[in-house]
file upload-v4.pdb (PDB, C-alpha atoms, pLDDT in the B column)
ATOM      1  CA  MET O 743     -63.094  -4.630 -23.177  1.00 49.00           C
ATOM      2  CA  ASN O 744     -61.926  -5.578 -26.603  1.00 46.00           C
ATOM      3  CA  SER O 745     -61.363  -9.312 -26.810  1.00 45.00           C
ATOM      4  CA  ARG O 746     -58.117  -8.678 -28.674  1.00 45.00           C
ATOM      5  CA  PHE O 747     -56.612  -7.317 -25.456  1.00 40.00           C
ATOM      6  CA  VAL O 748     -58.228  -9.711 -23.001  1.00 41.00           C
ATOM      7  CA  THR O 749     -56.353 -12.805 -24.021  1.00 40.00           C
ATOM      8  CA  PRO O 750     -52.794 -11.323 -23.865  1.00 40.00           C
ATOM      9  CA  LEU O 751     -53.634  -9.550 -20.606  1.00 35.00           C
ATOM     10  CA  ALA O 752     -54.923 -12.728 -19.025  1.00 40.00           C
ATOM     11  CA  LEU O 753     -51.844 -14.592 -20.151  1.00 33.00           C
ATOM     12  CA  PHE O 754     -49.590 -11.908 -18.676  1.00 35.00           C
ATOM     13  CA  VAL O 755     -51.443 -12.031 -15.330  1.00 35.00           C
ATOM     14  CA  ALA O 756     -51.278 -15.808 -15.223  1.00 40.00           C
ATOM     15  CA  LEU O 757     -47.535 -15.832 -15.880  1.00 35.00           C
ATOM     16  CA  GLY O 758     -46.965 -13.155 -13.282  1.00 42.00           C
ATOM     17  CA  SER O 759     -48.922 -15.082 -10.666  1.00 42.00           C
ATOM     18  CA  ALA O 760     -47.003 -18.276 -11.409  1.00 40.00           C
ATOM     19  CA  SER O 761     -43.674 -16.450 -11.057  1.00 41.00           C
ATOM     20  CA  ALA O 762     -44.720 -15.015  -7.701  1.00 40.00           C
ATOM     21  CA  VAL O 763     -45.751 -18.410  -6.369  1.00 38.00           C
ATOM     22  CA  SER O 764     -42.493 -19.897  -7.607  1.00 40.00           C
ATOM     23  CA  ALA O 765     -40.470 -17.179  -5.882  1.00 41.00           C
ATOM     24  CA  GLN O 766     -42.306 -17.662  -2.598  1.00 44.00           C
ATOM     25  CA  SER O 767     -42.162 -21.474  -2.588  1.00 41.00           C
ATOM     26  CA  PRO O 768     -38.935 -23.039  -1.315  1.00 44.00           C
ATOM     27  CA  ALA O 769     -36.855 -24.707  -3.986  1.00 45.00           C
ATOM     28  CA  ALA O 770     -36.980 -28.458  -4.027  1.00 41.00           C
ATOM     29  CA  ALA O 771     -34.187 -29.796  -1.825  1.00 42.00           C
ATOM     30  CA  PRO O 772     -31.485 -31.602  -3.804  1.00 40.00           C
ATOM     31  CA  ALA O 773     -30.995 -35.278  -3.175  1.00 34.00           C
ATOM     32  CA  LYS O 774     -29.010 -35.620  -0.001  1.00 42.00           C
ATOM     33  CA  ALA O 775     -25.483 -36.794  -0.679  1.00 46.00           C
ATOM     34  CA  SER O 776     -23.805 -39.192   1.694  1.00 56.00           C
ATOM     35  CA  ALA O 777     -21.385 -37.298   3.902  1.00 84.00           C
ATOM     36  CA  TYR O 778     -17.844 -38.641   3.965  1.00 92.00           C
ATOM     37  CA  ARG O 779     -15.723 -38.054   7.042  1.00 93.00           C
ATOM     38  CA  VAL O 780     -12.016 -37.524   6.523  1.00 96.00           C
ATOM     39  CA  PHE O 781      -9.363 -38.361   9.113  1.00 96.00           C
ATOM     40  CA  ASN O 782      -5.871 -37.091   8.307  1.00 97.00           C
ATOM     41  CA  LEU O 783      -2.689 -38.230   9.998  1.00 96.00           C
ATOM     42  CA  GLY O 784      -1.556 -35.678  12.541  1.00 94.00           C
ATOM     43  CA  THR O 785       1.885 -34.103  12.524  1.00 92.00           C
ATOM     44  CA  VAL O 786       2.858 -35.941  15.729  1.00 94.00           C
ATOM     45  CA  GLY O 787       2.035 -39.250  17.368  1.00 96.00           C
ATOM     46  CA  ASN O 788       2.572 -41.524  14.349  1.00 98.00           C
ATOM     47  CA  GLU O 789       5.211 -44.251  14.365  1.00 98.00           C
ATOM     48  CA  ALA O 790       5.551 -47.488  12.389  1.00 98.00           C
ATOM     49  CA  ARG O 791       7.614 -50.334  13.872  1.00 98.00           C
ATOM     50  CA  TYR O 792       8.663 -53.857  13.023  1.00 96.00           C
ATOM     51  CA  ARG O 793       9.951 -56.501  15.413  1.00 95.00           C
ATOM     52  CA  VAL O 794      11.937 -59.578  14.419  1.00 90.00           C
ATOM     53  CA  SER O 795      14.197 -61.957  16.310  1.00 86.00           C
ATOM     54  CA  GLU O 796      17.814 -62.677  15.442  1.00 78.00           C
ATOM     55  CA  GLU O 797      20.591 -64.830  16.813  1.00 78.00           C
ATOM     56  CA  LEU O 798      23.987 -63.193  17.008  1.00 69.00           C
ATOM     57  CA  ALA O 799      27.236 -65.102  17.384  1.00 65.00           C
ATOM     58  CA  SER O 800      28.302 -62.830  20.229  1.00 68.00           C
ATOM     59  CA  ILE O 801      25.182 -62.517  22.426  1.00 69.00           C
ATOM     60  CA  GLY O 802      22.691 -65.141  21.247  1.00 71.00           C
ATOM     61  CA  TYR O 803      19.024 -64.322  20.631  1.00 82.00           C
ATOM     62  CA  ASN O 804      18.000 -60.703  20.371  1.00 81.00           C
ATOM     63  CA  GLU O 805      14.831 -58.801  19.447  1.00 89.00           C
ATOM     64  CA  VAL O 806      15.334 -56.239  16.710  1.00 89.00           C
ATOM     65  CA  VAL O 807      13.085 -53.183  16.636  1.00 95.00           C
ATOM     66  CA  GLY O 808      13.098 -50.920  13.598  1.00 95.00           C
ATOM     67  CA  LYS O 809      10.988 -47.781  13.515  1.00 97.00           C
ATOM     68  CA  THR O 810      10.186 -44.558  11.711  1.00 98.00           C
ATOM     69  CA  LYS O 811       7.958 -41.544  12.286  1.00 98.00           C
ATOM     70  CA  ASP O 812       7.862 -40.768   8.569  1.00 98.00           C
ATOM     71  CA  VAL O 813       4.249 -41.805   8.017  1.00 98.00           C
ATOM     72  CA  LYS O 814       1.538 -39.972   6.092  1.00 97.00           C
ATOM     73  CA  GLY O 815      -1.947 -40.580   4.743  1.00 97.00           C
ATOM     74  CA  ARG O 816      -5.615 -40.474   5.646  1.00 97.00           C
ATOM     75  CA  ILE O 817      -8.711 -42.604   6.161  1.00 97.00           C
ATOM     76  CA  VAL O 818     -12.116 -41.719   4.729  1.00 96.00           C
ATOM     77  CA  VAL O 819     -15.313 -43.079   6.303  1.00 94.00           C
ATOM     78  CA  ASP O 820     -18.774 -43.058   4.724  1.00 93.00           C
ATOM     79  CA  ALA O 821     -22.084 -42.155   6.353  1.00 90.00           C
ATOM     80  CA  ASN O 822     -22.547 -45.732   7.582  1.00 90.00           C
ATOM     81  CA  GLY O 823     -19.146 -45.831   9.307  1.00 91.00           C
ATOM     82  CA  ALA O 824     -17.509 -48.053   6.697  1.00 94.00           C
ATOM     83  CA  VAL O 825     -14.053 -47.262   5.365  1.00 95.00           C
ATOM     84  CA  VAL O 826     -13.869 -45.889   1.817  1.00 96.00           C
ATOM     85  CA  LYS O 827     -11.079 -48.047   0.422  1.00 96.00           C
ATOM     86  CA  ASP O 828     -10.370 -46.074  -2.749  1.00 96.00           C
ATOM     87  CA  SER O 829      -9.800 -42.867  -0.768  1.00 96.00           C
ATOM     88  CA  SER O 830      -7.857 -44.272   2.191  1.00 97.00           C
ATOM     89  CA  LYS O 831      -4.151 -45.056   2.423  1.00 98.00           C
ATOM     90  CA  ILE O 832      -1.311 -45.039   4.945  1.00 98.00           C
ATOM     91  CA  ILE O 833       2.213 -44.588   3.534  1.00 98.00           C
ATOM     92  CA  VAL O 834       5.414 -45.469   5.426  1.00 98.00           C
ATOM     93  CA  ASN O 835       8.778 -44.271   4.170  1.00 98.00           C
ATOM     94  CA  ALA O 836      10.750 -47.535   4.413  1.00 97.00           C
ATOM     95  CA  GLN O 837      14.012 -45.735   3.664  1.00 96.00           C
ATOM     96  CA  THR O 838      13.853 -44.050   7.069  1.00 97.00           C
ATOM     97  CA  LEU O 839      13.414 -47.238   9.151  1.00 97.00           C
ATOM     98  CA  GLN O 840      16.135 -47.445  11.803  1.00 96.00           C
ATOM     99  CA  THR O 841      17.267 -49.956  14.432  1.00 93.00           C
ATOM    100  CA  ASP O 842      20.132 -49.602  16.897  1.00 90.00           C
ATOM    101  CA  SER O 843      22.641 -50.732  14.243  1.00 87.00           C
ATOM    102  CA  LYS O 844      23.482 -48.865  11.032  1.00 91.00           C
ATOM    103  CA  ARG O 845      25.066 -52.024   9.611  1.00 87.00           C
ATOM    104  CA  ARG O 846      21.868 -53.986  10.186  1.00 85.00           C
ATOM    105  CA  ASP O 847      19.798 -51.187   8.666  1.00 90.00           C
ATOM    106  CA  GLU O 848      21.926 -51.238   5.538  1.00 90.00           C
ATOM    107  CA  LYS O 849      21.489 -55.007   5.132  1.00 85.00           C
ATOM    108  CA  LEU O 850      17.754 -54.710   5.641  1.00 86.00           C
ATOM    109  CA  LYS O 851      17.401 -51.935   3.077  1.00 90.00           C
ATOM    110  CA  THR O 852      19.602 -53.525   0.415  1.00 90.00           C
ATOM    111  CA  GLN O 853      18.720 -57.219   0.848  1.00 87.00           C
ATOM    112  CA  THR O 854      15.278 -57.563   2.431  1.00 90.00           C
ATOM    113  CA  LEU O 855      13.258 -54.449   1.613  1.00 92.00           C
ATOM    114  CA  GLU O 856      15.292 -53.172  -1.351  1.00 93.00           C
ATOM    115  CA  THR O 857      14.261 -49.637  -0.503  1.00 94.00           C
ATOM    116  CA  ASP O 858      16.098 -48.119  -3.469  1.00 94.00           C
ATOM    117  CA  LYS O 859      13.569 -49.875  -5.713  1.00 95.00           C
ATOM    118  CA  PHE O 860      10.625 -49.902  -3.299  1.00 96.00           C
ATOM    119  CA  PRO O 861      10.905 -46.880  -0.978  1.00 97.00           C
ATOM    120  CA  GLN O 862       7.382 -47.136   0.452  1.00 97.00           C
ATOM    121  CA  VAL O 863       5.322 -49.594   2.415  1.00 98.00           C
ATOM    122  CA  THR O 864       1.610 -48.869   2.039  1.00 98.00           C
ATOM    123  CA  LEU O 865      -1.518 -49.979   3.864  1.00 98.00           C
ATOM    124  CA  VAL O 866      -4.981 -49.586   2.360  1.00 98.00           C
ATOM    125  CA  PRO O 867      -7.742 -50.248   4.911  1.00 98.00           C
ATOM    126  CA  VAL O 868     -10.454 -52.411   3.339  1.00 98.00           C
ATOM    127  CA  SER O 869     -12.918 -53.107   6.154  1.00 97.00           C
ATOM    128  CA  TRP O 870     -13.240 -53.198   9.913  1.00 95.00           C
ATOM    129  CA  GLU O 871     -15.466 -54.921  12.370  1.00 91.00           C
ATOM    130  CA  GLY O 872     -16.714 -53.456  15.627  1.00 85.00           C
ATOM    131  CA  PHE O 873     -15.572 -49.876  15.072  1.00 87.00           C
ATOM    132  CA  THR O 874     -17.227 -46.486  14.677  1.00 82.00           C
ATOM    133  CA  PRO O 875     -15.369 -43.147  14.622  1.00 82.00           C
ATOM    134  CA  ASP O 876     -17.757 -41.851  17.294  1.00 85.00           C
ATOM    135  CA  ILE O 877     -15.902 -43.294  20.271  1.00 89.00           C
ATOM    136  CA  PRO O 878     -17.378 -42.134  23.596  1.00 88.00           C
ATOM    137  CA  ALA O 879     -15.026 -39.973  25.649  1.00 84.00           C
ATOM    138  CA  GLY O 880     -13.047 -41.952  28.184  1.00 84.00           C
ATOM    139  CA  GLN O 881     -13.623 -45.269  26.419  1.00 89.00           C
ATOM    140  CA  GLU O 882     -11.332 -47.462  24.361  1.00 94.00           C
ATOM    141  CA  LYS O 883     -12.422 -49.505  21.350  1.00 93.00           C
ATOM    142  CA  THR O 884     -10.760 -52.759  20.326  1.00 95.00           C
ATOM    143  CA  PHE O 885     -11.592 -54.105  16.879  1.00 96.00           C
ATOM    144  CA  SER O 886     -10.153 -55.950  13.879  1.00 97.00           C
ATOM    145  CA  MET O 887      -9.336 -54.407  10.534  1.00 97.00           C
ATOM    146  CA  VAL O 888      -8.514 -55.998   7.189  1.00 98.00           C
ATOM    147  CA  GLY O 889      -6.103 -54.057   5.018  1.00 98.00           C
ATOM    148  CA  ASP O 890      -4.116 -54.529   1.827  1.00 98.00           C
ATOM    149  CA  LEU O 891      -0.440 -54.246   2.772  1.00 98.00           C
ATOM    150  CA  THR O 892       2.092 -53.631   0.000  1.00 98.00           C
ATOM    151  CA  VAL O 893       5.773 -54.449   0.598  1.00 97.00           C
ATOM    152  CA  ARG O 894       8.280 -54.539  -2.260  1.00 95.00           C
ATOM    153  CA  ASN O 895       5.446 -54.173  -4.772  1.00 95.00           C
ATOM    154  CA  VAL O 896       3.752 -57.310  -3.392  1.00 97.00           C
ATOM    155  CA  THR O 897       0.225 -56.692  -2.077  1.00 98.00           C
ATOM    156  CA  LYS O 898      -1.333 -59.104   0.419  1.00 98.00           C
ATOM    157  CA  PRO O 899      -4.375 -58.990   2.714  1.00 98.00           C
ATOM    158  CA  THR O 900      -3.496 -58.573   6.385  1.00 98.00           C
ATOM    159  CA  THR O 901      -5.598 -58.601   9.541  1.00 98.00           C
ATOM    160  CA  TRP O 902      -4.840 -56.006  12.196  1.00 98.00           C
ATOM    161  CA  GLN O 903      -5.824 -55.867  15.851  1.00 98.00           C
ATOM    162  CA  VAL O 904      -6.567 -52.243  16.669  1.00 97.00           C
ATOM    163  CA  THR O 905      -7.071 -50.342  19.897  1.00 97.00           C
ATOM    164  CA  ALA O 906      -8.371 -46.773  19.555  1.00 96.00           C
ATOM    165  CA  ARG O 907      -9.579 -43.966  21.810  1.00 95.00           C
ATOM    166  CA  LYS O 908     -10.577 -40.322  21.575  1.00 94.00           C
ATOM    167  CA  GLN O 909      -8.079 -37.605  22.457  1.00 93.00           C
ATOM    168  CA  GLY O 910     -10.074 -34.415  22.232  1.00 92.00           C
ATOM    169  CA  ASN O 911     -11.471 -34.530  18.697  1.00 91.00           C
ATOM    170  CA  ASP O 912      -8.651 -36.760  17.492  1.00 95.00           C
ATOM    171  CA  ILE O 913      -8.441 -40.557  17.366  1.00 95.00           C
ATOM    172  CA  VAL O 914      -5.274 -42.214  18.661  1.00 97.00           C
ATOM    173  CA  GLY O 915      -4.240 -45.801  19.250  1.00 97.00           C
ATOM    174  CA  THR O 916      -2.181 -48.750  18.052  1.00 98.00           C
ATOM    175  CA  ALA O 917      -2.638 -51.323  15.286  1.00 98.00           C
ATOM    176  CA  LYS O 918      -0.745 -54.637  15.140  1.00 98.00           C
ATOM    177  CA  THR O 919      -0.384 -57.481  12.645  1.00 98.00           C
ATOM    178  CA  VAL O 920       1.882 -60.490  12.107  1.00 98.00           C
ATOM    179  CA  PHE O 921       3.177 -62.119   8.935  1.00 96.00           C
ATOM    180  CA  THR O 922       6.178 -64.069   7.652  1.00 95.00           C
ATOM    181  CA  LEU O 923       8.959 -62.871   5.384  1.00 92.00           C
ATOM    182  CA  GLN O 924       7.926 -65.493   2.836  1.00 92.00           C
ATOM    183  CA  TYR O 925       4.410 -64.034   2.689  1.00 96.00           C
ATOM    184  CA  PHE O 926       5.867 -61.011   0.891  1.00 96.00           C
ATOM    185  CA  ASN O 927       8.633 -62.917  -0.900  1.00 93.00           C
ATOM    186  CA  MET O 928      11.307 -61.256   1.226  1.00 91.00           C
ATOM    187  CA  GLU O 929      14.749 -62.700   1.855  1.00 86.00           C
ATOM    188  CA  LYS O 930      16.394 -62.784   5.251  1.00 80.00           C
ATOM    189  CA  PRO O 931      19.246 -60.310   5.623  1.00 72.00           C
ATOM    190  CA  ARG O 932      22.688 -61.939   5.701  1.00 69.00           C
ATOM    191  CA  ALA O 933      25.629 -60.747   7.781  1.00 65.00           C
ATOM    192  CA  VAL O 934      28.797 -62.316   9.162  1.00 52.00           C
ATOM    193  CA  MET O 935      27.874 -61.987  12.838  1.00 60.00           C
ATOM    194  CA  VAL O 936      24.200 -62.959  12.373  1.00 60.00           C
ATOM    195  CA  MET O 937      23.582 -66.677  12.719  1.00 58.00           C
ATOM    196  CA  THR O 938      19.824 -66.675  12.083  1.00 72.00           C
ATOM    197  CA  VAL O 939      16.956 -64.261  11.571  1.00 75.00           C
ATOM    198  CA  GLY O 940      13.403 -65.173  12.550  1.00 78.00           C
ATOM    199  CA  ASP O 941      10.748 -65.772   9.896  1.00 84.00           C
ATOM    200  CA  THR O 942       8.017 -63.892  11.765  1.00 93.00           C
ATOM    201  CA  VAL O 943       7.581 -60.134  11.483  1.00 95.00           C
ATOM    202  CA  HIS O 944       5.490 -58.218  14.018  1.00 96.00           C
ATOM    203  CA  LEU O 945       4.321 -54.916  12.532  1.00 97.00           C
ATOM    204  CA  GLU O 946       2.992 -52.179  14.801  1.00 98.00           C
ATOM    205  CA  TYR O 947       1.622 -48.745  14.073  1.00 98.00           C
ATOM    206  CA  ASP O 948       0.937 -45.991  16.613  1.00 98.00           C
ATOM    207  CA  PHE O 949      -1.522 -43.619  14.954  1.00 98.00           C
ATOM    208  CA  HIS O 950      -2.884 -40.140  15.556  1.00 97.00           C
ATOM    209  CA  PHE O 951      -5.722 -39.075  13.262  1.00 97.00           C
ATOM    210  CA  THR O 952      -7.172 -35.577  13.114  1.00 96.00           C
ATOM    211  CA  PRO O 953     -10.657 -35.009  11.638  1.00 93.00           C
ATOM    212  CA  GLY O 954     -10.711 -33.017   8.429  1.00 90.00           C
ATOM    213  CA  ALA O 955     -13.580 -31.323   6.648  1.00 76.00           C
ATOM    214  CA  ALA O 956     -16.477 -33.604   5.765  1.00 68.00           C
ATOM    215  CA  SER O 957     -17.222 -33.868   2.059  1.00 63.00           C
ATOM    216  CA  ALA O 958     -20.173 -34.973  -0.032  1.00 55.00           C
ATOM    217  CA  ALA O 959     -17.973 -37.302  -2.063  1.00 50.00           C
ATOM    218  CA  ALA O 960     -14.663 -38.983  -1.449  1.00 54.00           C
ATOM    219  CA  LYS O 961     -11.799 -37.753  -3.600  1.00 57.00           C
TER
END

call {"tool": "encode", "arguments": {"input": "upload-v4.pdb", "output": "structure tokens"}}
result
Amino acid sequence: MNSRFVTPLALFVALGSASAVSAQSPAAAPAKASAYRVFNLGTVGNEARYRVSEELASIGYNEVVGKTKDVKGRIVVDANGAVVKDSSKIIVNAQTLQTDSKRRDEKLKTQTLETDKFPQVTLVPVSWEGFTPDIPAGQEKTFSMVGDLTVRNVTKPTTWQVTARKQGNDIVGTAKTVFTLQYFNMEKPRAVMVMTVGDTVHLEYDFHFTPGAASAAAK
């Protein structure tokens, strides 16, 4: 065979063989991305509450409970079970907090929380200790969580005591923390019939999280 044709023919065969091998060989697997698990707040089962003491001229000491179900948000967890802070947030509509007294609610919203200026209270989970989303069925997990709580545009670290359990595929439970009004630079509400208001605020949150679609990166 003429050498002029041998070299191109050999090159063509070699390229064809390489293409066939490439087609038959599995493509190199991409680097495995860490899977993020998303837990969205369910449409029911969420309620934020505060508890403070007051002394009224008419009846003496009384515990005030204000609450709202207007809560939204989500928590994102990485492959190691740690919370992804930048993608996690719980938002409470402070304008919808209600006690058993409309007059008290008005004082709280205008004097203490100033909800016209600061309508939301937010919690950003930072870390937790002793928790994994994979709670065994029929068991309850108690753990502590540190979160950045923002009230009236003042953000402070808070420590929460949390109890959680599985309900089907969902995670439900209660989180509690305690702080003082001064911690967030809040003033006590003033009213004619109120003699004193306690400095300590007990904050409670009943939660109901529903798992969302896992993602390769938190958004």

call {"tool": "closest_residue", "arguments": {"input": "upload-v4.pdb", "among": "O:Asn822, O:Thr884, O:Ser829, O:Thr838", "to": "O:Lys851", "atoms": "only C-alpha atoms"}}
result
O:Thr838

call {"tool": "residues_around", "arguments": {"input": "upload-v4.pdb", "residues": "O:Lys831", "least_positions_apart": "6", "cutoff": "10 Å", "atoms": "all atoms listed in the file", "output": "compact mmCIF listing (two decimals) with C-alpha atoms, in the frame of the given file"}}
result
# COMPACT_ATOMS: atom_id res chain seq x y z
CA LYS O 814 1.54 -39.97 6.09
CA GLY O 815 -1.95 -40.58 4.74
CA ARG O 816 -5.62 -40.47 5.65
CA ILE O 817 -8.71 -42.60 6.16
CA VAL O 818 -12.12 -41.72 4.73
CA THR O 864 1.61 -48.87 2.04
CA LEU O 865 -1.52 -49.98 3.86
CA VAL O 866 -4.98 -49.59 2.36
CA PRO O 867 -7.74 -50.25 4.91
CA VAL O 868 -10.45 -52.41 3.34
CA GLY O 889 -6.10 -54.06 5.02
CA ASP O 890 -4.12 -54.53 1.83
CA LEU O 891 -0.44 -54.25 2.77

call {"tool": "resolve_selection", "arguments": {"input": "upload-v4.pdb", "expression": "the PyMOL selection byres ((chain O and resi 875) around 10)", "output": "ChimeraX atom specification"}}
result
/O:779,781,819,823-824,873-874,876-878,883,906-908,912-913,953

call {"tool": "resolve_selection", "arguments": {"input": "upload-v4.pdb", "expression": "the PyMOL selection byres ((chain O and resi 857) around 12)", "output": "list of chain:residue names"}}
result
O:Val834, O:Asn835, O:Ala836, O:Gln837, O:Thr838, O:Leu839, O:Asp847, O:Glu848, O:Lys849, O:Leu850, O:Lys851, O:Thr852, O:Gln853, O:Thr854, O:Leu855, O:Glu856, O:Asp858, O:Lys859, O:Phe860, O:Pro861, O:Gln862, O:Val863, O:Val893, O:Arg894, O:Asn895

call {"tool": "write_last_selection", "arguments": {"input": "upload-v4.pdb", "atoms": "C-alpha atoms", "output": "PDB file, in the frame of the given file"}}
result
ATOM      1  CA  VAL O 834       5.414 -45.469   5.426  1.00 98.00           C
ATOM      2  CA  ASN O 835       8.778 -44.271   4.170  1.00 98.00           C
ATOM      3  CA  ALA O 836      10.750 -47.535   4.413  1.00 97.00           C
ATOM      4  CA  GLN O 837      14.012 -45.735   3.664  1.00 96.00           C
ATOM      5  CA  THR O 838      13.853 -44.050   7.069  1.00 97.00           C
ATOM      6  CA  LEU O 839      13.414 -47.238   9.151  1.00 97.00           C
ATOM      7  CA  ASP O 847      19.798 -51.187   8.666  1.00 90.00           C
ATOM      8  CA  GLU O 848      21.926 -51.238   5.538  1.00 90.00           C
ATOM      9  CA  LYS O 849      21.489 -55.007   5.132  1.00 85.00           C
ATOM     10  CA  LEU O 850      17.754 -54.710   5.641  1.00 86.00           C
ATOM     11  CA  LYS O 851      17.401 -51.935   3.077  1.00 90.00           C
ATOM     12  CA  THR O 852      19.602 -53.525   0.415  1.00 90.00           C
ATOM     13  CA  GLN O 853      18.720 -57.219   0.848  1.00 87.00           C
ATOM     14  CA  THR O 854      15.278 -57.563   2.431  1.00 90.00           C
ATOM     15  CA  LEU O 855      13.258 -54.449   1.613  1.00 92.00           C
ATOM     16  CA  GLU O 856      15.292 -53.172  -1.351  1.00 93.00           C
ATOM     17  CA  ASP O 858      16.098 -48.119  -3.469  1.00 94.00           C
ATOM     18  CA  LYS O 859      13.569 -49.875  -5.713  1.00 95.00           C
ATOM     19  CA  PHE O 860      10.625 -49.902  -3.299  1.00 96.00           C
ATOM     20  CA  PRO O 861      10.905 -46.880  -0.978  1.00 97.00           C
ATOM     21  CA  GLN O 862       7.382 -47.136   0.452  1.00 97.00           C
ATOM     22  CA  VAL O 863       5.322 -49.594   2.415  1.00 98.00           C
ATOM     23  CA  VAL O 893       5.773 -54.449   0.598  1.00 97.00           C
ATOM     24  CA  ARG O 894       8.280 -54.539  -2.260  1.00 95.00           C
ATOM     25  CA  ASN O 895       5.446 -54.173  -4.772  1.00 95.00           C
TER      26      ASN O 895
END

call {"tool": "residues_near_point", "arguments": {"input": "upload-v4.pdb", "point": "(-15.7, -53.8, 16.0)", "cutoff": "7 Å", "atoms": "all atoms listed in the file", "output": "count of residues only"}}
result
7

call {"tool": "atom_distance", "arguments": {"input": "upload-v4.pdb", "atom1": "atom CA of O:Glu789", "atom2": "atom CA of O:Ser830"}}
result
17.9 Å

call {"tool": "atom_distance", "arguments": {"input": "upload-v4.pdb", "atom1": "atom CA of O:Asn911", "atom2": "atom CA of O:Thr952"}}
result
7.1 Å

call {"tool": "atom_distance", "arguments": {"input": "upload-v4.pdb", "atom1": "atom CA of O:Gly880", "atom2": "atom CA of O:Gln909"}}
result
8.7 Å

call {"tool": "closest_residue", "arguments": {"input": "upload-v4.pdb", "among": "O:Thr905, O:Thr900, O:Gln881, O:Thr942", "to": "O:Leu923", "atoms": "all atoms listed in the file"}}
result
O:Thr942

call {"tool": "build_atoms", "arguments": {"input": "upload-v4.pdb", "residues": "stretch 839-857 of chain O", "atoms": "N, CA and C atoms", "output": "mmCIF file, in the coordinates of the input"}}
result
data_model
loop_
_atom_site.group_PDB
_atom_site.id
_atom_site.type_symbol
_atom_site.label_atom_id
_atom_site.label_comp_id
_atom_site.auth_asym_id
_atom_site.auth_seq_id
_atom_site.Cartn_x
_atom_site.Cartn_y
_atom_site.Cartn_z
ATOM 1 N N LEU O 839 13.468 -46.273 8.042
ATOM 2 C CA LEU O 839 13.414 -47.238 9.151
ATOM 3 C C LEU O 839 14.806 -47.383 9.776
ATOM 4 N N GLN O 840 14.849 -47.351 11.109
ATOM 5 C CA GLN O 840 16.135 -47.445 11.803
ATOM 6 C C GLN O 840 16.044 -48.369 13.007
ATOM 7 N N THR O 841 17.100 -49.160 13.220
ATOM 8 C CA THR O 841 17.267 -49.956 14.432
ATOM 9 C C THR O 841 18.418 -49.340 15.216
ATOM 10 N N ASP O 842 18.992 -50.113 16.133
ATOM 11 C CA ASP O 842 20.132 -49.602 16.897
ATOM 12 C C ASP O 842 21.464 -49.913 16.212
ATOM 13 N N SER O 843 21.424 -50.379 14.967
ATOM 14 C CA SER O 843 22.641 -50.732 14.243
ATOM 15 C C SER O 843 22.556 -50.250 12.801
ATOM 16 N N LYS O 844 23.454 -49.360 12.409
ATOM 17 C CA LYS O 844 23.482 -48.865 11.032
ATOM 18 C C LYS O 844 23.832 -49.988 10.060
ATOM 19 N N ARG O 845 24.699 -50.908 10.479
ATOM 20 C CA ARG O 845 25.066 -52.024 9.611
ATOM 21 C C ARG O 845 23.865 -52.913 9.325
ATOM 22 N N ARG O 846 23.075 -53.186 10.367
ATOM 23 C CA ARG O 846 21.868 -53.986 10.186
ATOM 24 C C ARG O 846 20.881 -53.271 9.273
ATOM 25 N N ASP O 847 20.722 -51.960 9.487
ATOM 26 C CA ASP O 847 19.798 -51.187 8.666
ATOM 27 C C ASP O 847 20.186 -51.254 7.193
ATOM 28 N N GLU O 848 21.463 -51.191 6.919
ATOM 29 C CA GLU O 848 21.926 -51.238 5.538
ATOM 30 C C GLU O 848 21.605 -52.585 4.897
ATOM 31 N N LYS O 849 21.807 -53.668 5.648
ATOM 32 C CA LYS O 849 21.489 -55.007 5.132
ATOM 33 C C LYS O 849 19.993 -55.155 4.874
ATOM 34 N N LEU O 850 19.210 -54.628 5.801
ATOM 35 C CA LEU O 850 17.754 -54.710 5.641
ATOM 36 C C LEU O 850 17.302 -53.963 4.392
ATOM 37 N N LYS O 851 17.847 -52.763 4.191
ATOM 38 C CA LYS O 851 17.401 -51.935 3.077
ATOM 39 C C LYS O 851 17.876 -52.466 1.729
ATOM 40 N N THR O 852 19.072 -53.056 1.691
ATOM 41 C CA THR O 852 19.602 -53.525 0.415
ATOM 42 C C THR O 852 19.184 -54.955 0.085
ATOM 43 N N GLN O 853 19.010 -55.808 1.102
ATOM 44 C CA GLN O 853 18.720 -57.219 0.848
ATOM 45 C C GLN O 853 17.237 -57.568 1.009
ATOM 46 N N THR O 854 16.638 -57.118 2.101
ATOM 47 C CA THR O 854 15.278 -57.563 2.431
ATOM 48 C C THR O 854 14.204 -56.663 1.824
ATOM 49 N N LEU O 855 14.288 -55.372 2.086
ATOM 50 C CA LEU O 855 13.258 -54.449 1.613
ATOM 51 C C LEU O 855 13.584 -53.825 0.256
ATOM 52 N N GLU O 856 14.865 -53.794 -0.093
ATOM 53 C CA GLU O 856 15.292 -53.172 -1.351
ATOM 54 C C GLU O 856 14.669 -51.780 -1.508
ATOM 55 N N THR O 857 14.937 -50.938 -0.554
ATOM 56 C CA THR O 857 14.261 -49.637 -0.503
ATOM 57 C C THR O 857 14.647 -48.699 -1.640
#
